[in-house]
Each structure stands twice: as C-alpha cells, then as structure tokens.
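Novice: Below is the file start.cif, with mmCIF, C-alpha atoms and all ligand atoms.
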data_work
#
loop_
_atom_site.label_atom_id
_atom_site.label_comp_id
_atom_site.auth_asym_id
_atom_site.auth_seq_id
_atom_site.Cartn_x
_atom_site.Cartn_y
_atom_site.Cartn_z
CA MET R 1 146.81 75.71 153.82
CA ASP R 2 150.51 76.27 154.46
CA LEU R 3 151.44 75.46 150.87
CA PHE R 4 155.17 76.11 150.84
CA LYS R 5 155.62 74.08 154.01
CA LYS R 6 153.70 71.24 152.35
CA LEU R 7 155.80 71.41 149.17
CA LYS R 8 158.97 71.36 151.24
CA ALA R 9 157.83 68.38 153.31
CA SER R 10 157.13 66.28 150.20
CA SER R 11 160.08 67.73 148.18
CA HIS R 12 157.82 69.03 145.42
CA GLU R 13 159.24 71.35 142.79
CA GLN R 14 156.12 73.11 141.59
CA LEU R 15 152.37 73.46 142.07
CA VAL R 16 150.38 75.34 139.41
CA PHE R 17 146.75 76.45 139.53
CA PHE R 18 144.87 77.01 136.28
CA ARG R 19 141.49 78.69 135.86
CA GLU R 20 139.74 79.32 132.58
CA GLN R 21 136.69 81.53 132.47
CA ILE R 22 134.75 80.32 129.43
CA SER R 23 135.00 76.59 130.07
CA HIS R 24 134.97 76.95 133.90
CA LEU R 25 138.09 74.80 134.08
CA ARG R 26 139.71 74.57 137.51
CA ALA R 27 142.84 72.46 137.35
CA ILE R 28 145.94 71.91 139.46
CA VAL R 29 149.22 70.50 138.16
CA ALA R 30 151.74 69.17 140.68
CA ILE R 31 155.31 68.51 139.57
CA HIS R 32 157.19 66.45 142.11
CA ASP R 33 160.66 65.78 140.74
CA THR R 34 162.22 66.29 137.31
CA THR R 35 165.70 64.94 138.05
CA LEU R 36 165.31 62.06 135.57
CA GLY R 37 163.30 63.98 132.97
CA PRO R 38 160.00 65.78 132.43
CA ALA R 39 157.28 64.93 134.93
CA ILE R 40 154.74 62.48 133.53
CA GLY R 41 151.40 61.72 135.16
CA GLY R 42 147.70 61.22 134.72
CA VAL R 43 144.89 63.75 134.46
CA ARG R 44 142.33 62.92 137.13
CA MET R 45 138.86 64.51 137.04
CA TRP R 46 137.03 64.20 140.34
CA PRO R 47 134.29 66.09 142.27
CA TYR R 48 136.60 66.95 145.18
CA ASP R 49 134.89 68.13 148.38
CA SER R 50 137.38 70.97 148.73
CA GLU R 51 140.35 72.64 147.03
CA GLU R 52 142.54 71.28 149.84
CA ALA R 53 141.49 67.73 148.97
CA ALA R 54 142.34 68.34 145.30
CA VAL R 55 145.79 69.71 146.21
CA GLU R 56 146.46 66.77 148.55
CA ASP R 57 145.56 64.30 145.81
CA ALA R 58 147.76 66.04 143.23
CA LEU R 59 150.72 66.08 145.63
CA ARG R 60 150.29 62.43 146.66
CA LEU R 61 149.83 61.09 143.12
CA SER R 62 152.67 63.10 141.57
CA ARG R 63 155.12 61.86 144.21
CA ALA R 64 154.03 58.26 143.57
CA MET R 65 154.67 58.80 139.84
CA THR R 66 158.27 59.86 140.53
CA TYR R 67 158.91 56.51 142.22
CA LYS R 68 157.06 54.54 139.56
CA ALA R 69 158.94 56.11 136.64
CA ALA R 70 162.29 55.77 138.43
CA GLY R 71 161.60 52.15 139.34
CA ALA R 72 160.64 51.36 135.75
CA GLY R 73 163.94 52.75 134.47
CA LEU R 74 162.21 55.56 132.57
CA ASN R 75 163.70 58.99 132.02
CA PHE R 76 160.71 60.76 133.50
CA GLY R 77 159.87 62.43 136.75
CA GLY R 78 156.52 62.46 138.52
CA GLY R 79 153.60 64.79 137.92
CA GLN R 80 149.81 64.85 138.17
CA THR R 81 146.92 67.01 137.04
CA VAL R 82 143.65 67.13 138.93
CA ILE R 83 140.55 68.80 137.51
CA ILE R 84 137.89 69.76 140.02
CA GLY R 85 134.63 68.54 138.49
CA ASP R 86 132.35 65.57 137.98
CA PRO R 87 133.49 63.54 134.95
CA ARG R 88 129.93 62.31 134.36
CA ASN R 89 128.34 65.77 134.08
CA ASP R 90 130.95 68.51 133.77
CA LYS R 91 133.21 67.37 130.92
CA THR R 92 133.50 69.48 127.77
CA GLU R 93 135.85 69.67 124.81
CA ALA R 94 136.53 73.32 125.68
CA GLN R 95 137.82 72.35 129.13
CA PHE R 96 140.37 69.88 127.78
CA ARG R 97 141.44 72.28 125.03
CA ALA R 98 141.97 74.95 127.72
CA LEU R 99 143.91 72.45 129.81
CA GLY R 100 146.02 71.60 126.75
CA ARG R 101 146.96 75.28 126.36
CA PHE R 102 147.90 75.53 130.01
CA ILE R 103 150.00 72.37 129.87
CA ASP R 104 151.72 73.80 126.78
CA SER R 105 152.62 76.91 128.77
CA LEU R 106 154.71 74.71 131.10
CA GLY R 107 157.07 74.20 128.15
CA GLY R 108 157.41 70.41 128.51
CA ARG R 109 158.09 70.22 132.25
CA TYR R 110 154.89 68.14 132.55
CA ILE R 111 153.48 65.51 130.18
CA ALA R 112 149.84 64.52 130.63
CA ALA R 113 148.32 61.04 130.30
CA GLU R 114 144.91 59.46 130.88
CA GLY R 115 143.81 59.03 134.50
CA VAL R 116 140.76 58.35 136.67
CA GLY R 117 137.73 60.12 135.16
CA THR R 118 139.46 60.91 131.85
CA SER R 119 139.74 58.97 128.59
CA PHE R 120 141.56 58.62 125.28
CA ASN R 121 139.19 61.19 123.79
CA ASP R 122 140.05 63.77 126.41
CA MET R 123 143.77 63.20 125.69
CA ASP R 124 142.97 63.77 122.03
CA TYR R 125 141.52 67.21 122.87
CA ILE R 126 144.61 68.06 124.92
CA ARG R 127 146.76 66.92 121.95
CA MET R 128 145.02 69.47 119.72
CA GLU R 129 146.64 72.23 121.83
CA THR R 130 149.95 70.74 122.94
CA ARG R 131 152.39 67.97 122.11
CA TYR R 132 153.00 67.36 125.82
CA VAL R 133 150.50 64.53 126.19
CA MET R 134 150.83 60.76 125.88
CA GLY R 135 148.47 57.80 125.74
CA ILE R 136 146.98 58.75 122.39
CA PRO R 137 144.77 56.17 120.58
CA SER R 138 146.67 53.76 118.31
CA SER R 139 144.55 54.98 115.36
CA ARG R 140 146.43 58.29 115.71
CA GLY R 141 149.85 56.69 116.00
CA GLY R 142 149.83 56.52 119.80
CA SER R 143 150.31 53.64 122.21
CA GLY R 144 146.59 52.85 122.68
CA ASP R 145 145.20 50.89 125.63
CA PRO R 146 147.93 50.30 128.26
CA SER R 147 146.02 47.52 130.08
CA PRO R 148 147.39 44.53 128.09
CA PHE R 149 150.93 45.69 128.92
CA CYS R 150 150.05 46.11 132.56
CA ALA R 151 148.70 42.51 132.62
CA VAL R 152 151.87 41.18 130.94
CA GLY R 153 153.97 42.96 133.58
CA ILE R 154 151.90 41.40 136.38
CA MET R 155 152.41 37.92 134.91
CA GLY R 156 156.18 38.49 134.81
CA GLY R 157 156.04 39.78 138.37
CA LEU R 158 154.16 36.67 139.51
CA GLU R 159 156.83 34.50 137.93
CA ALA R 160 159.50 36.51 139.75
CA CYS R 161 157.72 36.03 143.10
CA ARG R 162 157.36 32.29 142.51
CA ALA R 163 161.00 31.96 141.47
CA PHE R 164 162.03 33.94 144.56
CA LEU R 165 160.10 31.68 146.93
CA THR R 166 160.37 28.27 145.29
CA GLY R 167 163.18 28.42 142.73
CA SER R 168 160.72 27.73 139.89
CA GLU R 169 158.88 30.47 138.03
CA SER R 170 156.18 28.16 136.70
CA LEU R 171 152.62 29.24 137.46
CA GLU R 172 151.13 25.86 136.61
CA GLY R 173 148.93 24.53 139.39
CA ILE R 174 149.12 27.62 141.60
CA SER R 175 145.96 29.21 143.02
CA VAL R 176 145.31 32.93 142.52
CA ALA R 177 142.54 35.13 143.96
CA VAL R 178 141.96 38.14 141.70
CA GLN R 179 140.11 41.15 143.12
CA GLY R 180 138.61 43.12 140.21
CA VAL R 181 138.32 41.77 136.69
CA GLY R 182 138.19 44.96 134.65
CA ARG R 183 140.62 45.85 131.87
CA VAL R 184 143.72 44.49 133.60
CA GLY R 185 142.19 41.82 135.87
CA SER R 186 140.28 40.07 133.07
CA ARG R 187 143.43 39.82 130.91
CA LEU R 188 145.37 38.52 133.87
CA VAL R 189 142.76 35.81 134.49
CA GLU R 190 142.93 34.77 130.83
CA ARG R 191 146.70 34.40 130.99
CA LEU R 192 146.65 32.60 134.35
CA VAL R 193 144.14 30.05 133.06
CA ALA R 194 146.31 29.51 129.97
CA GLU R 195 149.29 28.78 132.27
CA GLY R 196 147.27 26.18 134.22
CA ALA R 197 146.63 28.20 137.37
CA SER R 198 143.36 27.83 139.28
CA VAL R 199 141.66 31.19 139.62
CA THR R 200 139.07 32.66 142.00
CA VAL R 201 137.67 36.10 141.21
CA ALA R 202 135.51 38.81 142.75
CA ASP R 203 134.03 41.96 141.26
CA ILE R 204 131.21 44.29 142.23
CA ASP R 205 130.12 44.38 138.58
CA PRO R 206 128.18 41.21 137.67
CA GLU R 207 128.81 41.75 133.94
CA ALA R 208 132.58 41.89 134.45
CA LEU R 209 132.33 38.71 136.52
CA SER R 210 130.31 36.79 133.95
CA ARG R 211 132.81 37.68 131.20
CA VAL R 212 135.62 35.85 133.03
CA THR R 213 133.66 33.00 134.62
CA SER R 214 132.06 31.91 131.35
CA GLU R 215 135.41 30.69 130.05
CA GLY R 216 137.65 28.08 131.63
CA ASP R 217 137.79 26.97 135.21
CA VAL R 218 137.23 30.25 137.06
CA LYS R 219 135.30 30.43 140.33
CA ALA R 220 133.59 33.56 141.65
CA VAL R 221 133.16 34.61 145.30
CA GLY R 222 131.52 37.63 146.95
CA SER R 223 133.54 40.85 146.87
CA ASP R 224 134.23 40.77 150.61
CA ASP R 225 135.05 37.05 150.65
CA ILE R 226 138.01 37.36 148.27
CA TYR R 227 140.34 38.40 151.14
CA GLY R 228 139.80 35.11 152.96
CA VAL R 229 140.32 32.77 149.99
CA LYS R 230 143.06 30.23 150.72
CA CYS R 231 145.48 30.63 147.80
CA ASP R 232 149.09 31.08 146.75
CA VAL R 233 148.56 34.63 145.46
CA PHE R 234 146.14 37.42 146.31
CA SER R 235 146.06 39.82 143.35
CA PRO R 236 144.46 43.25 143.96
CA CYS R 237 143.35 44.60 140.56
CA ALA R 238 140.55 46.96 141.58
CA LEU R 239 141.20 49.69 144.13
CA GLY R 240 143.94 51.31 146.17
CA GLY R 241 144.20 51.01 149.97
CA VAL R 242 142.99 47.39 150.06
CA LEU R 243 145.93 46.19 152.17
CA ASN R 244 145.16 47.51 155.63
CA ALA R 245 144.65 46.61 159.28
CA ARG R 246 141.19 45.20 158.52
CA THR R 247 142.09 43.03 155.52
CA ILE R 248 145.65 41.81 156.15
CA PRO R 249 144.72 39.57 159.13
CA ARG R 250 142.19 37.83 156.85
CA LEU R 251 144.64 36.98 154.05
CA LYS R 252 145.49 33.30 153.57
CA CYS R 253 148.09 33.69 150.83
CA LYS R 254 151.87 33.56 150.46
CA ILE R 255 152.17 36.36 147.90
CA VAL R 256 150.36 39.65 147.22
CA ALA R 257 150.92 40.80 143.64
CA GLY R 258 148.48 42.83 141.57
CA ALA R 259 147.80 45.83 139.35
CA ALA R 260 146.08 48.28 141.67
CA ASN R 261 147.89 51.53 142.48
CA ASN R 262 148.65 52.47 146.10
CA GLN R 263 147.65 49.07 147.52
CA LEU R 264 149.03 49.75 151.01
CA GLU R 265 146.71 51.99 152.99
CA HIS R 266 149.71 52.99 155.12
CA GLU R 267 153.41 52.12 154.96
CA ALA R 268 152.94 50.25 158.24
CA ASP R 269 150.72 47.79 156.37
CA GLY R 270 153.74 46.82 154.27
CA ASP R 271 155.64 46.21 157.51
CA ASP R 272 152.75 44.05 158.73
CA LEU R 273 152.83 41.87 155.59
CA HIS R 274 156.58 41.48 156.08
CA ARG R 275 156.13 40.40 159.74
CA ARG R 276 153.51 37.85 158.70
CA GLY R 277 155.83 36.36 156.08
CA ILE R 278 153.61 37.36 153.14
CA LEU R 279 155.69 38.37 150.11
CA TYR R 280 154.44 41.72 148.79
CA ALA R 281 155.33 42.70 145.22
CA PRO R 282 155.53 46.52 145.48
CA ASP R 283 152.68 47.88 143.39
CA TYR R 284 154.53 50.52 141.42
CA ILE R 285 157.22 48.06 140.36
CA ILE R 286 154.92 45.25 139.24
CA ASN R 287 152.21 47.42 137.62
CA ALA R 288 154.55 49.64 135.57
CA GLY R 289 153.74 47.94 132.23
CA GLY R 290 151.03 50.48 131.38
CA LEU R 291 153.31 53.43 132.02
CA ILE R 292 156.21 51.81 130.16
CA ASN R 293 153.95 51.39 127.13
CA VAL R 294 152.66 54.97 127.23
CA ALA R 295 156.18 56.38 127.75
CA GLU R 296 157.33 54.71 124.53
CA GLU R 297 155.48 57.44 122.61
CA ILE R 298 158.35 59.82 123.33
CA TYR R 299 160.58 57.86 120.92
CA GLY R 300 157.83 57.31 118.34
CA TYR R 301 155.71 54.38 119.50
CA ASP R 302 157.10 50.90 118.88
CA GLU R 303 155.09 47.98 120.26
CA GLU R 304 157.99 45.51 120.19
CA ARG R 305 160.19 47.85 122.20
CA ALA R 306 157.38 48.39 124.72
CA LYS R 307 157.03 44.59 125.07
CA ARG R 308 160.74 44.12 125.66
CA LYS R 309 160.81 46.83 128.32
CA THR R 310 157.71 45.43 130.02
CA ALA R 311 159.35 42.01 130.16
CA ALA R 312 162.18 43.54 132.23
CA ILE R 313 159.77 44.18 135.15
CA LYS R 314 160.46 40.61 136.21
CA ASP R 315 164.21 41.28 136.68
CA VAL R 316 163.65 44.57 138.49
CA LEU R 317 161.23 42.93 140.89
CA LEU R 318 163.63 40.05 141.56
CA GLU R 319 166.36 42.57 142.34
CA VAL R 320 164.09 44.44 144.77
CA LEU R 321 162.98 41.22 146.50
CA THR R 322 166.56 40.00 146.79
CA THR R 323 167.72 43.33 148.30
CA ALA R 324 164.84 43.21 150.80
CA ARG R 325 165.85 39.71 151.86
CA LYS R 326 169.56 40.58 152.14
CA GLN R 327 168.88 43.72 154.16
CA GLY R 328 166.05 42.21 156.20
CA ILE R 329 163.66 45.01 155.26
CA PRO R 330 160.08 44.98 153.89
CA THR R 331 159.82 44.85 150.11
CA HIS R 332 158.03 48.22 149.82
CA ALA R 333 160.96 49.87 151.59
CA ALA R 334 163.43 48.11 149.28
CA ALA R 335 161.48 49.39 146.26
CA ASP R 336 161.63 52.97 147.55
CA ARG R 337 165.38 52.69 148.08
CA PHE R 338 165.80 51.24 144.58
CA ALA R 339 163.94 54.19 143.02
CA GLU R 340 165.64 56.79 145.23
CA ARG R 341 169.08 55.40 144.46
CA ARG R 342 168.50 55.72 140.72
CA ILE R 343 167.26 59.31 141.06
CA GLU R 344 170.20 60.18 143.28
CA GLN R 345 172.86 58.59 141.06
CA VAL R 346 171.53 59.78 137.71
CA GLY R 347 170.90 63.21 139.25
CA ARG R 348 174.52 63.44 140.40
CA VAL R 349 175.84 62.51 136.95
CA ARG R 350 173.59 65.05 135.24
CA ARG R 351 174.49 67.83 137.67
CA SER R 352 178.19 67.14 137.28
CA TYR R 353 177.90 67.52 133.47
CA ASP R 354 175.76 70.65 133.84
CA SER R 355 178.38 72.31 136.03
CA ALA R 356 181.33 71.24 133.84
P1 LIG R 401 138.96 48.90 135.55
O1 LIG R 401 138.13 50.04 136.04
O2 LIG R 401 138.87 48.47 134.13
O3 LIG R 401 138.68 47.60 136.46
C1 LIG R 401 138.51 47.64 137.83
C2 LIG R 401 137.50 46.56 138.19
O4 LIG R 401 137.43 46.47 139.61
C3 LIG R 401 136.09 46.85 137.69
O5 LIG R 401 135.58 45.71 137.01
C4 LIG R 401 135.31 47.15 138.97
O6 LIG R 401 133.95 46.75 138.89
C5 LIG R 401 136.06 46.32 139.99
N1 LIG R 401 135.88 46.75 141.37
C6 LIG R 401 135.72 48.00 141.87
N2 LIG R 401 135.57 47.95 143.22
C7 LIG R 401 135.66 46.65 143.57
C8 LIG R 401 135.61 45.96 144.82
N3 LIG R 401 135.41 46.60 145.97
N4 LIG R 401 135.74 44.61 144.82
C9 LIG R 401 135.92 43.93 143.66
N5 LIG R 401 135.98 44.52 142.44
C10 LIG R 401 135.85 45.88 142.40
O7 LIG R 401 140.46 49.28 135.95
P2 LIG R 401 141.80 48.67 135.34
O8 LIG R 401 142.27 49.53 134.24
O9 LIG R 401 141.63 47.21 135.13
O10 LIG R 401 142.80 48.93 136.55
C11 LIG R 401 142.72 48.16 137.73
C12 LIG R 401 143.66 48.74 138.77
O11 LIG R 401 144.99 48.74 138.26
C13 LIG R 401 143.36 50.20 139.14
O12 LIG R 401 143.70 50.40 140.49
C14 LIG R 401 144.33 50.98 138.25
O13 LIG R 401 144.65 52.23 138.83
C15 LIG R 401 145.52 50.06 138.25
N6 LIG R 401 146.37 50.20 137.07
C16 LIG R 401 145.86 50.05 135.83
C17 LIG R 401 146.69 50.17 134.72
C18 LIG R 401 146.17 50.02 133.33
O14 LIG R 401 146.99 49.97 132.40
N7 LIG R 401 144.87 49.91 133.12
C19 LIG R 401 148.06 50.43 134.90
C20 LIG R 401 148.56 50.56 136.21
C21 LIG R 401 147.70 50.44 137.27
#
What is this file in structure tokens?
Specialist:
Amino acid sequence: MDLFKKLKASSHEQLVFFREQISHLRAIVAIHDTTLGPAIGGVRMWPYDSEEAAVEDALRLSRAMTYKAAGAGLNFGGGQTVIIGDPRNDKTEAQFRALGRFIDSLGGRYIAAEGVGTSFNDMDYIRMETRYVMGIPSSRGGSGDPSPFCAVGIMGGLEACRAFLTGSESLEGISVAVQGVGRVGSRLVERLVAEGASVTVADIDPEALSRVTSEGDVKAVGSDDIYGVKCDVFSPCALGGVLNARTIPRLKCKIVAGAANNQLEHEADGDDLHRRGILYAPDYIINAGGLINVAEEIYGYDEERAKRKTAAIKDVLLEVLTTARKQGIPTHAAADRFAERRIEQVGRVRRSYDSA
C-alpha cells in the first residue's frame, strides 16, 4: 500500500497503528482534519479480510466524520478507530483498556465514541484509561443513547424537505416508507404516526417489525419491496449504500430522507437522484442529531442544550437545499460545499490569530 500517497489524496493528517501484545489488540486510528477541533469518531470492530481493508475503512469513515461535524456546526474534526477482530468472539475488557491507553497517548487529538461492533460498555472501559471518549451511559453522567436525538433530527429534516417543496412543513397525511426499524427507525415511525403520516416499513428482523406494526396504522412489506413503494418519502434507516444504480430507478418517491450513514453508493447516485427530480436530504446533515448529542459531553452534558442544537438541523438543511436550488447543483454537492466553506473560513480565522 502506498500509504503516504493515499493520505495525501484524501488530505488526511495522521494514521496510527496500535498493537498490544497481551490483549492481542490490533487497532488503527485515522485522523482526517483537526481544523475545527479534535477529531471525533466511532470505534468500529470488524473482522476485516485484510489490513488494507481496515485502513481503507478508517480513512473513509474519518473523512466522512469531518464533513458531518462541520455540517452540524460542531467544533470537532473527523476521526475513526477500527479494531481488527470479530465483535462476537474476540472482545475483551483488556483490549478496550489497552485501546484507551493508546488513545490517551494521542493527547486529545482524537476522541472516541461508540461505533459498529462496539457498545456503551466498551466506551466505559476506554473511559477507565482516558478522558478522550464520549458517548458514556447516562448513569455515569454521559449523554446515553443517541438514537432518540437522531430520530428528532430526521423529523425536523422531513419538515424542512416538505417546506422546501410545498411551502408547508406539516407531515400530516404524507406517506413514508421506512427501511429499517431499529433504534432510530422505530422512534421515527412512532413520531410519524403521531403526526398523522401513513407509514410503510420493512426490516429483515421480524421482531423489530412486529414492535412497530402492533401499534397504530403501520403496514409492513418485504425488505426488497420497500424501494418500490409509492410514497412521498423514502427513509433509509438501516444500511449504507442503499441508493445506487439498482435501487434508484425503482423509487417512487419525491423525497429521500433517513438516518443511515453513507446512503449514496457513489457520488454519481446523488447526481442521478437530482436528474430524476427526487429531493435528497444529505445523510450527514439530516442524521447529525446523534453526534450533536454525544458532542455535548465536552461541555458537561445538558439534555436541553442537545435538544436545541438538534432542532437546528432543520435550518441547516433548508439552507443547503436552497443553495442547491440557487446554484442548480445536487444537494449532496451543496452539503459538501457548506461543510468545506465552514472549515475553510474558521480555519483561516484560527490561523490568522495563531500567527499574530
Ligand atoms: P439498528 O441496528 O438499531 O437498526 C437497524 C435496523 O435495520 C435493524 O432493525 C435491522 O434489522 C434492519 N436492517 C438491516 N438490514 C436491513 C435490510 N436489508 N432491509 C431492511 N432492514 C434492515 O441501527 P440504528 O441505530 O437504528 O441506526 C440505523 C442507521 O442510522 C445506521 O445506518 C446507523 O449507522 C445510522 N445512524 C444511527 C445513529 C444513531 O444515533 N443510532 C446516528 C446516526 C446514524
């Protein structure tokens, strides 16, 4: 792997490899950009096929976090840890304590948070060794489960999309197809039903499905059929990469707005949605509620403040959609410009003070 070339191409600042003998920890921390503040990002544990695949994932996810934090108005940059291992069989307390020590050695340049394959408990172990970790259980004074905040942000984003297209932000009477009714999706369904929307859902987990269909007027369809449901909004709340050349031609919606990270398989899929006249709410803008909540821990967690900041997602999204319309560009491109402009402007101010 030509690592320095790779780091240059993606503008990464730092890539750190950690190995610990006793616990067999193999971890990689990627720090993309710290212009706005310390890099924040999840700890993902995954049985990667190769070290190259682990590096690629760390680089991709840390870059995405830079954009997400910038778009959410947070004073954080983007980072990511990946641990090479199977979260079902390989996890130990010793590994996360070792990781905590390593993260501490970065002196605050990177702040860890929960990610795919890791949990609150793992963050607790990291916290025993370093203060550079967020997303601690509420019982320990942390921000607790971020999912309710993510769902609130999605609702605000849906209102912004409706207001943008119709002039009214009311969700009453609209039809929404929700893909994935886990922690975020199920809360979203609950709120949509309360607002008088008609909801269709799909999930590969029958238990998750029965939890949401047992209450209110919620219809279930097969997990592949959800793409073709005729509706106002398609809301991806399960996996990344679901907007692609195979699925987009099947969509019968006016808006795509959901919680999943990295919804576009490729940037060109965002262009395709734009050409087809489907309004896409850029994922990292609309799903930032969870991160906003976690990031509040830096000031000493305050739920009311986290709620107020999450409510502002609606205004940010409206600004991005309006810019896209004015400039005639796809919404995902407008979101990137929005985030890049903030990094550039704040970065210039900070550098000018540093050199004074
Ligand atoms: P979750 O694991 O609780 O729920 C995901 C649900 O999707 C599960 O019920 C799962 O069975 C279902 N699913 C998986 N594959 C599916 C498929 N092919 N078709 C239909 N359903 C499928 O996850 P979550 O915390 O609700 O997060 C949902 C998405 O939102 C993820 O992409 C996550 O990265 C993203 N996200 C979550 C948060 C948060 O605060 N939880 C914040 C930002 C982004």
Novice: My list of candidates is R:Thr331, R:Thr118, R:Asn89, R:Ser198. Which is closest to Arg275 of chain R when distances are computed with only C-alpha atoms?
Specialist: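 Closest candidate: R:Thr331.
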Novice: Please, which residues in chain R fall within 8 Å of ligand LIG 401 (chain R) when counting all atoms listed in the file, and what is the closest atom pair and distance in Å to one decimal for each, ordered by chain then residue number, as a tab-separated table?
Specialist:
residue	atom	partner	partner_atom	distance
R:Val116	CA	R:LIG401	O13	7.6
R:Asp145	CA	R:LIG401	O14	7.1
R:Pro146	CA	R:LIG401	O14	4.3
R:Ser147	CA	R:LIG401	O14	3.5
R:Pro148	CA	R:LIG401	O14	7.0
R:Phe149	CA	R:LIG401	O14	6.8
R:Cys150	CA	R:LIG401	O14	4.9
R:Ala151	CA	R:LIG401	O14	7.7
R:Gln179	CA	R:LIG401	C9	5.1
R:Gly180	CA	R:LIG401	O4	3.6
R:Val181	CA	R:LIG401	O5	4.8
R:Gly182	CA	R:LIG401	O3	3.2
R:Arg183	CA	R:LIG401	O9	3.7
R:Val184	CA	R:LIG401	O9	3.8
R:Gly185	CA	R:LIG401	O9	5.5
R:Ser186	CA	R:LIG401	O9	7.6
R:Ala202	CA	R:LIG401	C9	5.2
R:Asp203	CA	R:LIG401	N5	3.4
R:Ile204	CA	R:LIG401	N5	4.8
R:Asp205	CA	R:LIG401	O6	4.5
R:Ala208	CA	R:LIG401	O5	5.5
R:Leu209	CA	R:LIG401	O5	7.7
R:Ser223	CA	R:LIG401	N4	4.8
R:Asp224	CA	R:LIG401	N4	7.1
R:Pro236	CA	R:LIG401	C12	7.6
R:Cys237	CA	R:LIG401	C12	4.5
R:Ala238	CA	R:LIG401	O4	3.7
R:Leu239	CA	R:LIG401	O12	4.5
R:Gly240	CA	R:LIG401	O12	5.8
R:Gly258	CA	R:LIG401	O11	7.6
R:Ala259	CA	R:LIG401	O11	4.2
R:Ala260	CA	R:LIG401	O12	3.4
R:Asn261	CA	R:LIG401	O12	4.8
R:Asn262	CA	R:LIG401	O12	7.8
R:Tyr284	CA	R:LIG401	C20	7.9
R:Asn287	CA	R:LIG401	C20	5.0
R:Ala288	CA	R:LIG401	C20	6.1
R:Gly289	CA	R:LIG401	C19	6.8
R:Gly290	CA	R:LIG401	O14	4.2
R:Leu291	CA	R:LIG401	C19	6.7
Novice: Provide the atom CA of His274 of chain R to atom CA of Val320 of chain R distance in Å, to one decimal place.
Specialist: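 So the two atoms, atom CA of His274 of chain R and atom CA of Val320 of chain R, lie 13.9 Å apart.
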Novice: What does the distance between atom CA of His332 of chain R and atom CA of Leu61 of chain R come to in Å, to one decimal place?
Specialist: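 About the pair atom CA of His332 of chain R and atom CA of Leu61 of chain R: they are 16.7 Å apart.
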Novice: Using atom CA of Arg44 of chain R and atom CA of Val82 of chain R as the two end points, give the distance in Å to one decimal.
Specialist: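 Going from atom CA of Arg44 of chain R over to atom CA of Val82 of chain R covers 4.8 Å.
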Novice: Extract, using only C-alpha atoms, all DNA, RNA and protein residues at most 12 Å from segment 56-60 of chain R, discarding same-chain residues fewer than 5 positions from it, and format them as an mmCIF file with C-alpha atoms, keeping the file's coordinate frame.
Specialist:
data_model
loop_
_atom_site.group_PDB
_atom_site.id
_atom_site.type_symbol
_atom_site.label_atom_id
_atom_site.label_comp_id
_atom_site.auth_asym_id
_atom_site.auth_seq_id
_atom_site.Cartn_x
_atom_site.Cartn_y
_atom_site.Cartn_z
ATOM 1 C CA MET R 1 146.810 75.710 153.820
ATOM 2 C CA ASP R 2 150.510 76.270 154.460
ATOM 3 C CA LEU R 3 151.440 75.460 150.870
ATOM 4 C CA LYS R 6 153.700 71.240 152.350
ATOM 5 C CA LEU R 7 155.800 71.410 149.170
ATOM 6 C CA LYS R 8 158.970 71.360 151.240
ATOM 7 C CA ALA R 9 157.830 68.380 153.310
ATOM 8 C CA SER R 10 157.130 66.280 150.200
ATOM 9 C CA SER R 11 160.080 67.730 148.180
ATOM 10 C CA HIS R 12 157.820 69.030 145.420
ATOM 11 C CA GLU R 13 159.240 71.350 142.790
ATOM 12 C CA GLN R 14 156.120 73.110 141.590
ATOM 13 C CA LEU R 15 152.370 73.460 142.070
ATOM 14 C CA VAL R 16 150.380 75.340 139.410
ATOM 15 C CA PHE R 17 146.750 76.450 139.530
ATOM 16 C CA ALA R 27 142.840 72.460 137.350
ATOM 17 C CA ILE R 28 145.940 71.910 139.460
ATOM 18 C CA VAL R 29 149.220 70.500 138.160
ATOM 19 C CA ALA R 30 151.740 69.170 140.680
ATOM 20 C CA ILE R 31 155.310 68.510 139.570
ATOM 21 C CA HIS R 32 157.190 66.450 142.110
ATOM 22 C CA ASP R 33 160.660 65.780 140.740
ATOM 23 C CA GLY R 41 151.400 61.720 135.160
ATOM 24 C CA GLY R 42 147.700 61.220 134.720
ATOM 25 C CA VAL R 43 144.890 63.750 134.460
ATOM 26 C CA ARG R 44 142.330 62.920 137.130
ATOM 27 C CA MET R 45 138.860 64.510 137.040
ATOM 28 C CA TRP R 46 137.030 64.200 140.340
ATOM 29 C CA PRO R 47 134.290 66.090 142.270
ATOM 30 C CA TYR R 48 136.600 66.950 145.180
ATOM 31 C CA ASP R 49 134.890 68.130 148.380
ATOM 32 C CA SER R 50 137.380 70.970 148.730
ATOM 33 C CA GLU R 51 140.350 72.640 147.030
ATOM 34 C CA MET R 65 154.670 58.800 139.840
ATOM 35 C CA THR R 66 158.270 59.860 140.530
ATOM 36 C CA TYR R 67 158.910 56.510 142.220
ATOM 37 C CA GLY R 78 156.520 62.460 138.520
ATOM 38 C CA GLY R 79 153.600 64.790 137.920
ATOM 39 C CA GLN R 80 149.810 64.850 138.170
ATOM 40 C CA THR R 81 146.920 67.010 137.040
ATOM 41 C CA VAL R 82 143.650 67.130 138.930
ATOM 42 C CA ILE R 83 140.550 68.800 137.510
ATOM 43 C CA ILE R 84 137.890 69.760 140.020
ATOM 44 C CA GLY R 115 143.810 59.030 134.500
ATOM 45 C CA VAL R 116 140.760 58.350 136.670
ATOM 46 C CA ASN R 261 147.890 51.530 142.480
ATOM 47 C CA ASN R 262 148.650 52.470 146.100
#
Novice: Which residues, protein or nucleic acid, reach to within 9 Å of (162.9, 44.7, 137.7) in the file's coordinates when using only C-alpha atoms, and can you give that as a PyMOL selection string?
Specialist: chain R and resi 71-73+157+285-286+311-320
Novice: Write a file of the just-selected residues containing C-alpha atoms, as a short mmCIF file (atom, residue, chain, number, x, y, z; two decimals), in the coordinates of the input.
Specialist:
data_model
loop_
_atom_site.label_atom_id
_atom_site.label_comp_id
_atom_site.auth_asym_id
_atom_site.auth_seq_id
_atom_site.Cartn_x
_atom_site.Cartn_y
_atom_site.Cartn_z
CA GLY R 71 161.60 52.15 139.34
CA ALA R 72 160.64 51.36 135.75
CA GLY R 73 163.94 52.75 134.47
CA GLY R 157 156.04 39.78 138.37
CA ILE R 285 157.22 48.06 140.36
CA ILE R 286 154.92 45.25 139.24
CA ALA R 311 159.35 42.01 130.16
CA ALA R 312 162.18 43.54 132.23
CA ILE R 313 159.77 44.18 135.15
CA LYS R 314 160.46 40.61 136.21
CA ASP R 315 164.21 41.28 136.68
CA VAL R 316 163.65 44.57 138.49
CA LEU R 317 161.23 42.93 140.89
CA LEU R 318 163.63 40.05 141.56
CA GLU R 319 166.36 42.57 142.34
CA VAL R 320 164.09 44.44 144.77
#
Novice: Smallest atom-to-atom distance to Lys309 of chain R: which of R:Val201, R:Ala112, R:Val152, R:Val242, using only C-alpha atoms?
Specialist: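 Of the candidates, the smallest distance to Lys309 of chain R is held by R:Val152.
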Novice: Measuring between only C-alpha atoms, which one of R:Asp217, R:Ala334, R:Asp122, R:Asp272 shows the shortest distance to Pro87 of chain R?
Specialist: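 Of all the options, R:Asp122 lies closest to Pro87 of chain R.
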Novice: Which of these residues is nearest to Leu279 of chain R, using all atoms listed in the file: R:Ser175, R:Ser352, R:Ser235, R:Asn244?
Specialist: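 Looking at the shortest contact to Leu279 of chain R, the residue is R:Ser235.
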Novice: List the neighbours of Gly37 of chain R out to 12 Å using only C-alpha atoms; skip same-chain residues closer than 6 positions along the sequence, and give me the result as a VMD selection string.
Specialist: chain R and resid 31 66 69 to 70 73 to 79 108 to 111 295 298 343 346 to 347 350
